[in-house]
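Q: This is the content of model_7.csv (CSV, C-alpha atoms and all ligand atoms):
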```
chain,number,residue,atom,x,y,z
A,1,MET,CA,221.4,-34.0,48.5
A,2,SER,CA,224.7,-35.4,49.8
A,3,VAL,CA,226.7,-37.4,47.3
A,4,ASP,CA,229.0,-40.3,48.3
A,5,LEU,CA,232.4,-39.5,46.7
A,6,SER,CA,234.2,-42.5,48.1
A,7,SER,CA,235.8,-45.1,45.9
A,8,ARG,CA,237.9,-48.2,46.1
A,9,TYR,CA,241.3,-48.7,44.5
A,10,LEU,CA,243.8,-51.5,45.1
A,11,GLY,CA,241.6,-52.8,47.8
A,12,LEU,CA,241.9,-49.5,49.7
A,13,SER,CA,238.9,-47.3,50.7
A,14,LEU,CA,239.4,-43.8,49.4
A,15,CYS,CA,237.4,-40.7,50.4
A,16,SER,CA,237.4,-39.5,46.8
A,17,PRO,CA,238.3,-40.8,43.4
A,18,ILE,CA,240.9,-38.1,42.7
A,19,ILE,CA,244.5,-39.0,43.3
A,20,ALA,CA,247.5,-36.6,43.1
A,21,SER,CA,249.8,-38.6,41.0
A,22,ALA,CA,253.6,-38.7,41.1
A,23,SER,CA,255.2,-35.3,40.6
A,24,PRO,CA,257.8,-33.0,42.0
A,25,LEU,CA,255.0,-31.6,44.3
A,26,THR,CA,254.3,-34.8,46.1
A,27,ARG,CA,257.9,-34.8,47.3
A,28,TYR,CA,256.9,-32.2,49.9
A,29,VAL,CA,254.9,-33.2,53.0
A,30,GLY,CA,253.4,-29.7,53.1
A,31,ALA,CA,251.9,-30.2,49.6
A,32,ILE,CA,250.7,-33.7,50.5
A,33,ARG,CA,248.9,-32.3,53.5
A,34,GLN,CA,247.3,-29.6,51.2
A,35,PHE,CA,246.1,-32.3,48.8
A,36,ALA,CA,244.7,-34.3,51.6
A,37,ASP,CA,242.9,-31.3,53.0
A,38,ALA,CA,241.6,-30.5,49.5
A,39,GLY,CA,239.9,-33.9,49.3
A,40,ALA,CA,242.4,-36.1,47.4
A,41,GLY,CA,241.7,-39.8,47.8
A,42,ALA,CA,245.4,-40.7,47.9
A,43,VAL,CA,248.8,-39.3,46.9
A,44,VAL,CA,251.4,-41.0,44.8
A,45,LEU,CA,255.0,-40.1,45.8
A,46,PRO,CA,257.5,-39.3,43.0
A,47,SER,CA,259.4,-42.4,41.8
A,48,LEU,CA,262.4,-43.8,43.5
A,49,PHE,CA,264.8,-44.4,40.7
A,50,GLU,CA,267.4,-47.2,41.1
A,51,GLU,CA,269.9,-45.2,39.1
A,52,GLN,CA,269.5,-42.3,41.6
A,53,ILE,CA,270.5,-44.5,44.5
A,54,GLU,CA,273.5,-45.9,42.7
A,55,GLU,CA,274.7,-42.5,41.5
A,56,ASP,CA,274.5,-41.1,45.1
A,57,ALA,CA,276.6,-44.1,46.3
A,58,ARG,CA,279.1,-43.6,43.4
A,59,LEU,CA,279.5,-39.9,44.1
A,60,LEU,CA,280.1,-40.6,47.8
A,61,GLU,CA,282.8,-43.2,47.0
A,62,GLN,CA,284.4,-40.6,44.7
A,63,LEU,CA,284.4,-38.0,47.4
A,64,ILE,CA,286.0,-40.4,49.9
A,65,SER,CA,288.7,-41.4,47.5
A,66,ILE,CA,289.5,-37.7,46.7
A,67,GLY,CA,289.9,-37.1,50.4
A,68,SER,CA,292.1,-40.1,50.9
A,69,ASP,CA,294.3,-39.2,47.9
A,70,SER,CA,295.2,-35.8,49.3
A,71,SER,CA,296.8,-37.3,52.4
A,72,PRO,CA,297.1,-41.1,53.0
A,73,GLU,CA,296.4,-40.9,56.7
A,74,VAL,CA,293.1,-39.1,56.0
A,75,THR,CA,291.7,-42.4,54.8
A,76,SER,CA,291.1,-43.4,58.4
A,77,TYR,CA,288.8,-40.5,58.9
A,78,PHE,CA,286.4,-41.7,56.2
A,79,PRO,CA,284.1,-44.6,56.9
A,80,SER,CA,283.2,-46.6,53.7
A,81,ALA,CA,280.4,-45.4,51.5
A,82,ALA,CA,278.4,-48.4,52.7
A,83,ARG,CA,278.1,-46.8,56.2
A,84,TYR,CA,276.7,-43.6,54.9
A,85,ASN,CA,273.0,-43.3,54.4
A,86,THR,CA,273.3,-43.4,50.6
A,87,GLY,CA,270.6,-45.9,50.0
A,88,PRO,CA,267.0,-45.0,49.6
A,89,GLY,CA,267.0,-43.5,53.1
A,90,GLY,CA,265.6,-40.1,52.2
A,91,TYR,CA,262.8,-41.7,50.2
A,92,LEU,CA,261.8,-44.1,53.0
A,93,ASP,CA,261.9,-41.2,55.4
A,94,LEU,CA,259.5,-39.3,53.1
A,95,ILE,CA,257.1,-42.3,53.2
A,96,ALA,CA,257.1,-42.3,57.0
A,97,ARG,CA,256.7,-38.5,57.3
A,98,ALA,CA,253.9,-38.5,54.7
A,99,ARG,CA,252.1,-41.3,56.5
A,100,ALA,CA,252.3,-39.5,59.8
A,101,ALA,CA,251.1,-36.3,58.3
A,102,VAL,CA,247.9,-37.4,56.6
A,103,LYS,CA,245.2,-40.1,57.0
A,104,ILE,CA,244.8,-40.8,53.3
A,105,PRO,CA,246.8,-43.6,51.7
A,106,ILE,CA,250.3,-42.8,50.6
A,107,ILE,CA,251.3,-44.8,47.5
A,108,ALA,CA,255.1,-45.0,46.9
A,109,SER,CA,256.4,-45.3,43.4
A,110,LEU,CA,259.4,-47.4,42.3
A,111,ASN,CA,261.3,-47.4,39.0
A,112,GLY,CA,264.0,-50.1,39.1
A,113,THR,CA,266.5,-51.4,36.6
A,114,THR,CA,267.5,-54.7,38.0
A,115,LYS,CA,265.4,-57.6,39.4
A,116,THR,CA,267.3,-57.4,42.7
A,117,GLY,CA,266.7,-53.6,42.9
A,118,TRP,CA,263.0,-53.9,42.2
A,119,ILE,CA,262.6,-56.6,44.9
A,120,GLU,CA,264.9,-55.1,47.5
A,121,TYR,CA,263.5,-51.5,47.3
A,122,ALA,CA,260.0,-52.8,47.2
A,123,ARG,CA,260.6,-54.6,50.5
A,124,GLN,CA,262.1,-51.5,52.0
A,125,ILE,CA,259.2,-49.3,50.8
A,126,GLU,CA,256.8,-51.7,52.4
A,127,GLN,CA,258.7,-51.7,55.7
A,128,ALA,CA,258.7,-47.9,55.7
A,129,GLY,CA,254.9,-48.0,55.8
A,130,ALA,CA,253.7,-47.2,52.3
A,131,SER,CA,250.0,-48.0,51.9
A,132,ALA,CA,250.7,-49.4,48.4
A,133,LEU,CA,253.3,-49.4,45.7
A,134,GLU,CA,253.1,-48.2,42.1
A,135,LEU,CA,255.5,-49.8,39.7
A,136,ASN,CA,256.6,-47.2,37.2
A,137,ILE,CA,258.1,-49.6,34.7
A,138,TYR,CA,260.0,-47.8,32.0
A,139,GLN,CA,261.6,-50.2,29.6
A,140,ILE,CA,262.2,-49.0,26.0
A,141,MET,CA,262.0,-52.2,23.9
A,142,SER,CA,263.8,-50.7,20.9
A,143,ASP,CA,265.8,-53.8,20.0
A,144,PRO,CA,264.2,-55.2,16.8
A,145,GLY,CA,265.0,-58.7,18.2
A,146,VAL,CA,262.7,-58.1,21.1
A,147,THR,CA,259.2,-59.4,20.3
A,148,GLY,CA,255.9,-58.3,21.8
A,149,ALA,CA,255.8,-61.7,23.7
A,150,ILE,CA,259.2,-61.0,25.2
A,151,ALA,CA,258.2,-57.5,26.2
A,152,ASP,CA,255.0,-58.7,27.9
A,153,ALA,CA,256.9,-61.5,29.7
A,154,ALA,CA,259.3,-59.0,31.1
A,155,TYR,CA,256.4,-57.0,32.6
A,156,ILE,CA,254.6,-60.0,33.9
A,157,GLY,CA,257.8,-61.6,35.4
A,158,LEU,CA,258.5,-58.3,37.2
A,159,VAL,CA,255.0,-58.1,38.7
A,160,LYS,CA,255.2,-61.7,39.9
A,161,ALA,CA,258.6,-61.1,41.5
A,162,VAL,CA,257.5,-58.0,43.3
A,163,ARG,CA,254.2,-59.6,44.3
A,164,ALA,CA,256.1,-62.5,45.9
A,165,ALA,CA,258.3,-60.0,47.8
A,166,VAL,CA,255.7,-57.7,49.4
A,167,LYS,CA,252.2,-57.9,50.8
A,168,ILE,CA,251.0,-54.3,50.2
A,169,PRO,CA,248.9,-53.7,47.2
A,170,ILE,CA,250.7,-53.0,43.9
A,171,ALA,CA,249.7,-51.0,40.9
A,172,VAL,CA,251.3,-51.0,37.5
A,173,LYS,CA,251.6,-47.8,35.6
A,174,LEU,CA,251.6,-48.7,31.9
A,175,HIS,CA,252.2,-47.1,28.6
A,176,PRO,CA,249.9,-48.0,25.8
A,177,TYR,CA,252.5,-49.4,23.4
A,178,PHE,CA,251.8,-53.1,23.6
A,179,SER,CA,250.7,-55.3,20.8
A,180,ALA,CA,247.7,-56.8,22.6
A,181,PHE,CA,246.9,-54.6,25.5
A,182,GLY,CA,243.8,-56.6,26.7
A,183,SER,CA,245.8,-59.8,27.0
A,184,LEU,CA,248.7,-58.0,28.9
A,185,ALA,CA,246.2,-56.4,31.3
A,186,ARG,CA,244.6,-59.8,32.1
A,187,GLU,CA,248.0,-61.4,32.6
A,188,LEU,CA,249.2,-58.6,34.9
A,189,ASP,CA,246.0,-59.1,36.8
A,190,GLN,CA,246.7,-62.8,37.2
A,191,ALA,CA,250.3,-62.1,38.1
A,192,GLY,CA,249.1,-60.3,41.2
A,193,ALA,CA,248.7,-56.6,40.2
A,194,ASP,CA,246.0,-55.0,42.3
A,195,GLY,CA,245.6,-52.1,39.9
A,196,LEU,CA,246.6,-50.8,36.5
A,197,VAL,CA,247.1,-47.1,35.7
A,198,LEU,CA,246.3,-46.2,32.1
A,199,PHE,CA,248.4,-44.5,30.8
A,200,ASN,CA,251.8,-43.4,31.7
A,201,ARG,CA,253.2,-40.6,29.5
A,202,LEU,CA,256.5,-41.7,28.1
A,203,TYR,CA,259.6,-39.6,27.5
A,204,GLN,CA,258.9,-37.9,24.1
A,205,PRO,CA,261.7,-35.5,23.4
A,206,ASP,CA,261.6,-32.7,20.8
A,207,ILE,CA,264.4,-31.4,18.6
A,208,ASP,CA,265.9,-28.0,19.0
A,209,LEU,CA,266.5,-26.7,15.5
A,210,VAL,CA,268.9,-23.9,16.7
A,211,ARG,CA,271.2,-26.1,18.7
A,212,LEU,CA,270.6,-29.1,16.5
A,213,GLY,CA,270.2,-31.3,19.4
A,214,TRP,CA,267.6,-33.1,21.5
A,215,LYS,CA,265.4,-31.0,23.7
A,216,ASN,CA,264.3,-32.6,27.0
A,217,ASP,CA,261.5,-30.8,28.8
A,218,ALA,CA,258.6,-32.0,30.8
A,219,LEU,CA,255.6,-30.9,28.8
A,220,LEU,CA,252.4,-30.7,30.8
A,221,SER,CA,249.4,-32.5,29.4
A,222,GLY,CA,246.1,-31.2,28.0
A,223,LYS,CA,242.6,-32.7,28.0
A,224,GLY,CA,243.0,-33.8,24.3
A,225,GLU,CA,245.1,-36.6,25.7
A,226,ILE,CA,242.4,-38.5,27.6
A,227,ARG,CA,240.9,-40.2,24.6
A,228,LEU,CA,243.2,-43.3,24.3
A,229,GLY,CA,242.8,-43.9,28.1
A,230,LEU,CA,239.0,-43.4,27.8
A,231,LEU,CA,238.8,-46.1,25.1
A,232,TRP,CA,240.9,-48.6,26.9
A,233,LEU,CA,239.3,-48.1,30.3
A,234,SER,CA,235.9,-48.6,28.7
A,235,LEU,CA,237.2,-51.8,27.1
A,236,LEU,CA,238.8,-53.2,30.2
A,237,SER,CA,236.2,-52.1,32.8
A,238,GLY,CA,234.4,-55.1,34.3
A,239,ARG,CA,236.7,-57.5,32.5
A,240,LEU,CA,239.5,-58.0,35.0
A,241,PRO,CA,238.7,-60.3,37.8
A,242,HIS,CA,240.9,-58.6,40.4
A,243,ALA,CA,242.7,-55.4,39.4
A,244,SER,CA,241.1,-52.0,39.8
A,245,LEU,CA,241.7,-49.3,37.1
A,246,GLY,CA,243.2,-45.9,37.4
A,247,ALA,CA,243.1,-43.2,34.7
A,248,GLY,CA,246.4,-41.5,34.2
A,249,THR,CA,246.6,-38.6,31.8
A,250,GLY,CA,245.1,-35.4,30.6
A,251,VAL,CA,242.9,-34.1,33.4
A,252,GLU,CA,242.4,-30.4,33.2
A,253,THR,CA,238.9,-30.0,34.7
A,254,ALA,CA,236.2,-32.1,36.4
A,255,ASP,CA,234.8,-33.0,32.9
A,256,GLU,CA,237.8,-35.3,32.3
A,257,ILE,CA,237.4,-36.9,35.7
A,258,ILE,CA,233.7,-37.6,35.0
A,259,LYS,CA,234.4,-39.0,31.6
A,260,TYR,CA,237.1,-41.3,32.9
A,261,ILE,CA,234.8,-42.6,35.6
A,262,LEU,CA,231.9,-43.1,33.1
A,263,ALA,CA,234.4,-45.1,31.0
A,264,GLY,CA,235.3,-47.3,34.0
A,265,ALA,CA,238.0,-45.8,36.0
A,266,ASP,CA,238.0,-46.5,39.8
A,267,VAL,CA,240.2,-43.5,40.4
A,268,VAL,CA,241.5,-40.6,38.3
A,269,MET,CA,245.1,-39.4,38.7
A,270,THR,CA,246.3,-35.9,38.0
A,271,THR,CA,249.7,-34.2,37.9
A,272,SER,CA,249.8,-31.5,35.2
A,273,ALA,CA,246.6,-29.8,36.5
A,274,LEU,CA,248.0,-29.8,40.1
A,275,LEU,CA,251.3,-28.4,38.9
A,276,ARG,CA,249.3,-25.5,37.3
A,277,GLY,CA,246.7,-25.0,39.9
A,278,GLY,CA,247.8,-26.7,43.1
A,279,ALA,CA,245.5,-28.1,45.8
A,280,ALA,CA,242.8,-25.4,45.3
A,281,HIS,CA,242.3,-26.8,41.8
A,282,LEU,CA,241.9,-30.3,43.1
A,283,ASN,CA,239.3,-29.1,45.5
A,284,MET,CA,237.5,-27.2,42.8
A,285,MET,CA,237.4,-30.3,40.5
A,286,LEU,CA,236.0,-32.4,43.4
A,287,ARG,CA,233.3,-29.9,44.1
A,288,GLU,CA,232.3,-29.8,40.4
A,289,LEU,CA,232.2,-33.6,40.3
A,290,GLU,CA,229.9,-33.5,43.3
A,291,ARG,CA,227.7,-30.9,41.7
A,292,TRP,CA,227.5,-32.8,38.4
A,293,LEU,CA,226.4,-36.0,40.2
A,294,ALA,CA,223.9,-34.2,42.4
A,295,ALA,CA,222.4,-32.2,39.4
A,296,ARG,CA,221.7,-35.6,37.6
A,297,GLY,CA,220.3,-37.3,40.7
A,298,PHE,CA,223.3,-39.7,41.2
A,299,LYS,CA,224.0,-40.4,44.9
A,300,SER,CA,227.5,-41.8,44.5
A,301,VAL,CA,230.5,-42.0,42.3
A,302,ASP,CA,229.9,-45.8,42.2
A,303,GLU,CA,226.6,-45.2,40.4
A,304,ILE,CA,228.3,-43.8,37.3
A,305,LYS,CA,231.4,-46.0,37.4
A,306,GLY,CA,231.7,-47.8,34.1
A,307,LEU,CA,228.2,-46.6,32.9
A,308,LEU,CA,229.7,-46.2,29.4
A,309,ARG,CA,231.9,-49.3,29.4
A,310,ARG,CA,232.1,-51.4,26.3
A,311,GLU,CA,232.2,-54.9,27.5
A,312,ASP,CA,229.0,-56.0,25.8
A,313,GLN,CA,229.0,-58.5,22.9
A,314,GLY,CA,229.7,-57.0,19.6
A,315,HIS,CA,231.6,-54.0,20.9
A,316,GLU,CA,234.5,-54.6,18.6
A,317,ALA,CA,232.3,-54.4,15.5
A,318,ARG,CA,230.6,-51.3,17.0
A,319,ILE,CA,234.0,-49.6,17.6
A,320,ARG,CA,235.0,-50.4,14.1
A,321,GLY,CA,231.7,-48.9,12.8
A,322,ASP,CA,232.3,-45.8,14.9
A,323,TYR,CA,235.8,-45.5,13.5
A,324,ILE,CA,234.6,-45.7,9.9
A,325,THR,CA,231.7,-43.3,10.5
A,326,THR,CA,234.0,-40.7,12.2
A,327,LEU,CA,236.3,-40.7,9.1
A,328,LEU,CA,233.5,-40.6,6.6
A,329,ASP,CA,231.5,-37.9,8.4
A,330,TYR,CA,234.5,-35.6,8.4
A,331,ARG,CA,233.6,-32.5,6.3
A,332,VAL,CA,236.4,-30.6,4.6
A,333,PRO,CA,235.5,-26.9,4.9
A,334,GLY,CA,234.4,-25.5,1.5
A,335,HIS,CA,233.6,-29.0,0.1
A,336,SER,CA,230.1,-30.6,0.1
A,337,ALA,CA,229.6,-34.2,1.2
A,338,PRO,CA,230.4,-36.7,-1.6
A,339,LYS,CA,227.2,-38.4,-2.9
A,340,THR,CA,228.7,-41.8,-3.3
A,341,ALA,CA,231.3,-44.0,-1.7
A,342,ILE,CA,234.8,-43.3,-3.1
B,1,LIG,C1,257.5,-32.8,36.2
B,1,LIG,C2,256.9,-34.2,36.2
B,1,LIG,C3,257.5,-35.2,37.0
B,1,LIG,C4,257.0,-36.5,37.1
B,1,LIG,N1,257.6,-37.4,37.9
B,1,LIG,C5,257.1,-38.7,37.8
B,1,LIG,C6,257.6,-39.7,38.7
B,1,LIG,O1,258.6,-39.5,39.4
B,1,LIG,N2,257.1,-41.0,38.6
B,1,LIG,C7,256.1,-41.3,37.8
B,1,LIG,O2,255.6,-42.4,37.7
B,1,LIG,N3,255.5,-40.3,37.0
B,1,LIG,C8,256.0,-39.0,37.0
B,1,LIG,N4,255.4,-38.1,36.3
B,1,LIG,C9,254.2,-38.5,35.4
B,1,LIG,C10,252.9,-38.1,36.2
B,1,LIG,O3,252.8,-38.8,37.4
B,1,LIG,C11,251.7,-38.4,35.3
B,1,LIG,O4,251.6,-39.8,35.1
B,1,LIG,C12,251.8,-37.8,33.9
B,1,LIG,O5,252.2,-36.4,34.1
B,1,LIG,C13,250.4,-37.8,33.3
B,1,LIG,O6,249.4,-37.2,34.1
B,1,LIG,P1,248.9,-35.6,33.8
B,1,LIG,O7,248.3,-35.7,32.4
B,1,LIG,O8,247.9,-35.4,34.8
B,1,LIG,O9,250.1,-34.8,33.9
B,1,LIG,C14,255.9,-36.8,36.2
B,1,LIG,C15,255.3,-35.8,35.5
B,1,LIG,C16,255.8,-34.5,35.4
B,1,LIG,C17,255.1,-33.5,34.6
```
Rewrite the structure from the file as structure tokens, please.
A:
Amino acid sequence: MSVDLSSRYLGLSLCSPIIASASPLTRYVGAIRQFADAGAGAVVLPSLFEEQIEEDARLLEQLISIGSDSSPEVTSYFPSAARYNTGPGGYLDLIARARAAVKIPIIASLNGTTKTGWIEYARQIEQAGASALELNIYQIMSDPGVTGAIADAAYIGLVKAVRAAVKIPIAVKLHPYFSAFGSLARELDQAGADGLVLFNRLYQPDIDLVRLGWKNDALLSGKGEIRLGLLWLSLLSGRLPHASLGAGTGVETADEIIKYILAGADVVMTTSALLRGGAAHLNMMLRELERWLAARGFKSVDEIKGLLRREDQGHEARIRGDYITTLLDYRVPGHSAPKTAI
């Protein structure tokens, strides 16, 4: 029996629900082609960071001024930094090359710092031909004076500004640390986000006890990390009028992909698993998803989408009940169950 693996995300038709999310791999057109051949529904490019562009321009200015210091007349040999291709040129070129190389959608990713930067680079990304734009918003609200309402407003304002600047679909990649996630999700939907990605993995440094300093390393994820995303996808699925939902973290095997879709994800994104196993692993997960669906008589991914969502009346009481039962049912090895409530 043939199974329809197609899915819709950000208003785009995808041949499969698995997306290769932003990573050092998606910087290479060769790897993008392999993901497309393996059955990825789309690819997200690594983020264009506003600081990166500024730093390139600064370094070039420095280089020019070193040259001119050594001999005054040399100044005339150097055009100003503005005339060099120090802007996001390389990134825009990657978008164009990736679009030309594959038929699947190419989603660009932007991580800005200033409102002007977000808007200007979003426009350039659209002009370069990106199928959609993912906003990788990374703002650490550590100032105790910044309230949850201020933090939410910053995200919503940004989405409105980018929405007004471009016509291509936009997705917002979110971390889970908001005081009322459901309300934020709805407001982002109203602000014009075409999709939300749950969840981004934030920078979580370790401490090196030998060096007595911070340790910055990119830890790959494991399947234990899907649970928060599962819960929130199941709570938001079917409740946003416009935005589609992407699952973002912790895929190791097809099992995590199936669970995310059952909870309500339209697409499932994966980075760590692809850094470990490459395009062959993506293809294996897709084939396992297909087998799983066929073995249970499902004809399409759509048939299981949101099957286990929790939008029904009373779900909050039920989740609270599940929470209490989970804690009370925990058995400490070597101790029998208590007979009465504590
Ligand atoms: C080495 C590395 C580089 C990444 N670069 C980006 C990036 O440029 N932009 C972005 O939005 N996310 C980036 N991510 C985050 C991934 O896109 C993804 O959201 C995260 O790793 C969670 O997915 P996973 O559990 O499948 O790894 C990066 C992750 C890793 C491990």
Q: Contacts between ligand LIG 1 (chain B) and chain A, please, where a residue of chain A counts if it comes within 7 Å (with only C-alpha atoms and all ligand atoms); show its shortest atom pair and distance in Å to one decimal, rows by chain and ascending number, as a Markdown table.
A:
```
| residue | atom | partner | partner_atom | distance |
| --- | --- | --- | --- | --- |
| A:Ser21 | CA | B:LIG1 | O3 | 4.7 |
| A:Ala22 | CA | B:LIG1 | O3 | 3.8 |
| A:Ser23 | CA | B:LIG1 | C4 | 4.1 |
| A:Pro24 | CA | B:LIG1 | C3 | 5.5 |
| A:Pro46 | CA | B:LIG1 | O1 | 3.8 |
| A:Ser47 | CA | B:LIG1 | O1 | 3.8 |
| A:Ser109 | CA | B:LIG1 | O2 | 6.4 |
| A:Asn136 | CA | B:LIG1 | O2 | 4.9 |
| A:Asn200 | CA | B:LIG1 | O4 | 5.0 |
| A:Arg201 | CA | B:LIG1 | C12 | 5.4 |
| A:Ala218 | CA | B:LIG1 | C17 | 5.4 |
| A:Leu219 | CA | B:LIG1 | C17 | 6.4 |
| A:Leu220 | CA | B:LIG1 | C17 | 5.4 |
| A:Ser221 | CA | B:LIG1 | O7 | 4.5 |
| A:Gly222 | CA | B:LIG1 | O7 | 6.7 |
| A:Gly248 | CA | B:LIG1 | O6 | 5.2 |
| A:Thr249 | CA | B:LIG1 | O7 | 3.4 |
| A:Gly250 | CA | B:LIG1 | O7 | 3.7 |
| A:Val251 | CA | B:LIG1 | O8 | 5.4 |
| A:Met269 | CA | B:LIG1 | O8 | 6.2 |
| A:Thr270 | CA | B:LIG1 | O8 | 3.6 |
| A:Thr271 | CA | B:LIG1 | O8 | 3.8 |
| A:Ser272 | CA | B:LIG1 | O9 | 3.6 |
| A:Ala273 | CA | B:LIG1 | O8 | 6.0 |
```
Q: Please produce a file of those selected residues containing C-alpha atoms, as a PDB file, in the coordinates of the input.
A:
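Result file follows (result-v1.pdb):
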```pdb
ATOM      1  CA  SER A  21     249.800 -38.600  41.000  1.00  0.00           C
ATOM      2  CA  ALA A  22     253.600 -38.700  41.100  1.00  0.00           C
ATOM      3  CA  SER A  23     255.200 -35.300  40.600  1.00  0.00           C
ATOM      4  CA  PRO A  24     257.800 -33.000  42.000  1.00  0.00           C
ATOM      5  CA  PRO A  46     257.500 -39.300  43.000  1.00  0.00           C
ATOM      6  CA  SER A  47     259.400 -42.400  41.800  1.00  0.00           C
ATOM      7  CA  SER A 109     256.400 -45.300  43.400  1.00  0.00           C
ATOM      8  CA  ASN A 136     256.600 -47.200  37.200  1.00  0.00           C
ATOM      9  CA  ASN A 200     251.800 -43.400  31.700  1.00  0.00           C
ATOM     10  CA  ARG A 201     253.200 -40.600  29.500  1.00  0.00           C
ATOM     11  CA  ALA A 218     258.600 -32.000  30.800  1.00  0.00           C
ATOM     12  CA  LEU A 219     255.600 -30.900  28.800  1.00  0.00           C
ATOM     13  CA  LEU A 220     252.400 -30.700  30.800  1.00  0.00           C
ATOM     14  CA  SER A 221     249.400 -32.500  29.400  1.00  0.00           C
ATOM     15  CA  GLY A 222     246.100 -31.200  28.000  1.00  0.00           C
ATOM     16  CA  GLY A 248     246.400 -41.500  34.200  1.00  0.00           C
ATOM     17  CA  THR A 249     246.600 -38.600  31.800  1.00  0.00           C
ATOM     18  CA  GLY A 250     245.100 -35.400  30.600  1.00  0.00           C
ATOM     19  CA  VAL A 251     242.900 -34.100  33.400  1.00  0.00           C
ATOM     20  CA  MET A 269     245.100 -39.400  38.700  1.00  0.00           C
ATOM     21  CA  THR A 270     246.300 -35.900  38.000  1.00  0.00           C
ATOM     22  CA  THR A 271     249.700 -34.200  37.900  1.00  0.00           C
ATOM     23  CA  SER A 272     249.800 -31.500  35.200  1.00  0.00           C
ATOM     24  CA  ALA A 273     246.600 -29.800  36.500  1.00  0.00           C
TER      25      ALA A 273
END
```
Q: Rank A:Arg291, A:Lys215, A:His175, A:Arg309 by their smallest atom-to-atom distance to A:Leu233, using all atoms listed in the file, and report the top residue only.
A: A:Arg309
Q: What is the atom CA of A:Ala132 to atom CA of A:Ile168 distance in Å?
A: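 Result for atom CA of A:Ala132 versus atom CA of A:Ile168: 5.2 Å, one decimal.
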Q: Around (235.4, -47.6, 30.9) in the file's frame, which residues reach within 8 Å when counting only C-alpha atoms? Return as a tab-separated table (two decimals) with C-alpha atoms, in the coordinates of the input?
A:
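out_21.tsv written:
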```
chain	number	residue	atom	x	y	z
A	230	LEU	CA	239.00	-43.40	27.80
A	231	LEU	CA	238.80	-46.10	25.10
A	232	TRP	CA	240.90	-48.60	26.90
A	233	LEU	CA	239.30	-48.10	30.30
A	234	SER	CA	235.90	-48.60	28.70
A	235	LEU	CA	237.20	-51.80	27.10
A	236	LEU	CA	238.80	-53.20	30.20
A	237	SER	CA	236.20	-52.10	32.80
A	260	TYR	CA	237.10	-41.30	32.90
A	261	ILE	CA	234.80	-42.60	35.60
A	262	LEU	CA	231.90	-43.10	33.10
A	263	ALA	CA	234.40	-45.10	31.00
A	264	GLY	CA	235.30	-47.30	34.00
A	265	ALA	CA	238.00	-45.80	36.00
A	305	LYS	CA	231.40	-46.00	37.40
A	306	GLY	CA	231.70	-47.80	34.10
A	307	LEU	CA	228.20	-46.60	32.90
A	308	LEU	CA	229.70	-46.20	29.40
A	309	ARG	CA	231.90	-49.30	29.40
A	310	ARG	CA	232.10	-51.40	26.30
```
Q: I want to know what sits within 6 Å of A:Ser244, based on all atoms listed in the file, with residues of the same chain fewer than 6 positions away left out; could you give that as a JSON list (two decimals) with C-alpha atoms, in the frame of the given file?
A:
```json
[["chain", "number", "residue", "atom", "x", "y", "z"],
["A", 9, "TYR", "CA", 241.30, -48.70, 44.50],
["A", 10, "LEU", "CA", 243.80, -51.50, 45.10],
["A", 195, "GLY", "CA", 245.60, -52.10, 39.90]]
```
Q: I'd like the contact shell of A:Ile257 - 8 Å cut-off, all atoms listed in the file, skipping same-chain residues fewer than 6 positions apart - returned as a list in words.
A: Ile18, Val251, Val268 and Leu289 of chain A
Q: Got a sec: who's within 8 Å of A:Pro169, counting all atoms listed in the file, leaving out chain neighbours fewer than 3 positions off, as a list in words?
A: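 Here the answer would be Leu10, Gly11, Ser131, Ala132, Leu133, Ala193 and Asp194 of chain A.
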Q: When distances are computed from all atoms listed in the file, which of A:Gly297, A:Gly90, A:Ala38, A:Cys15 shows the smallest separation from A:Asp56?
A: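 When distances to A:Asp56 are compared using all atoms listed in the file, the smallest one comes from A:Gly90.
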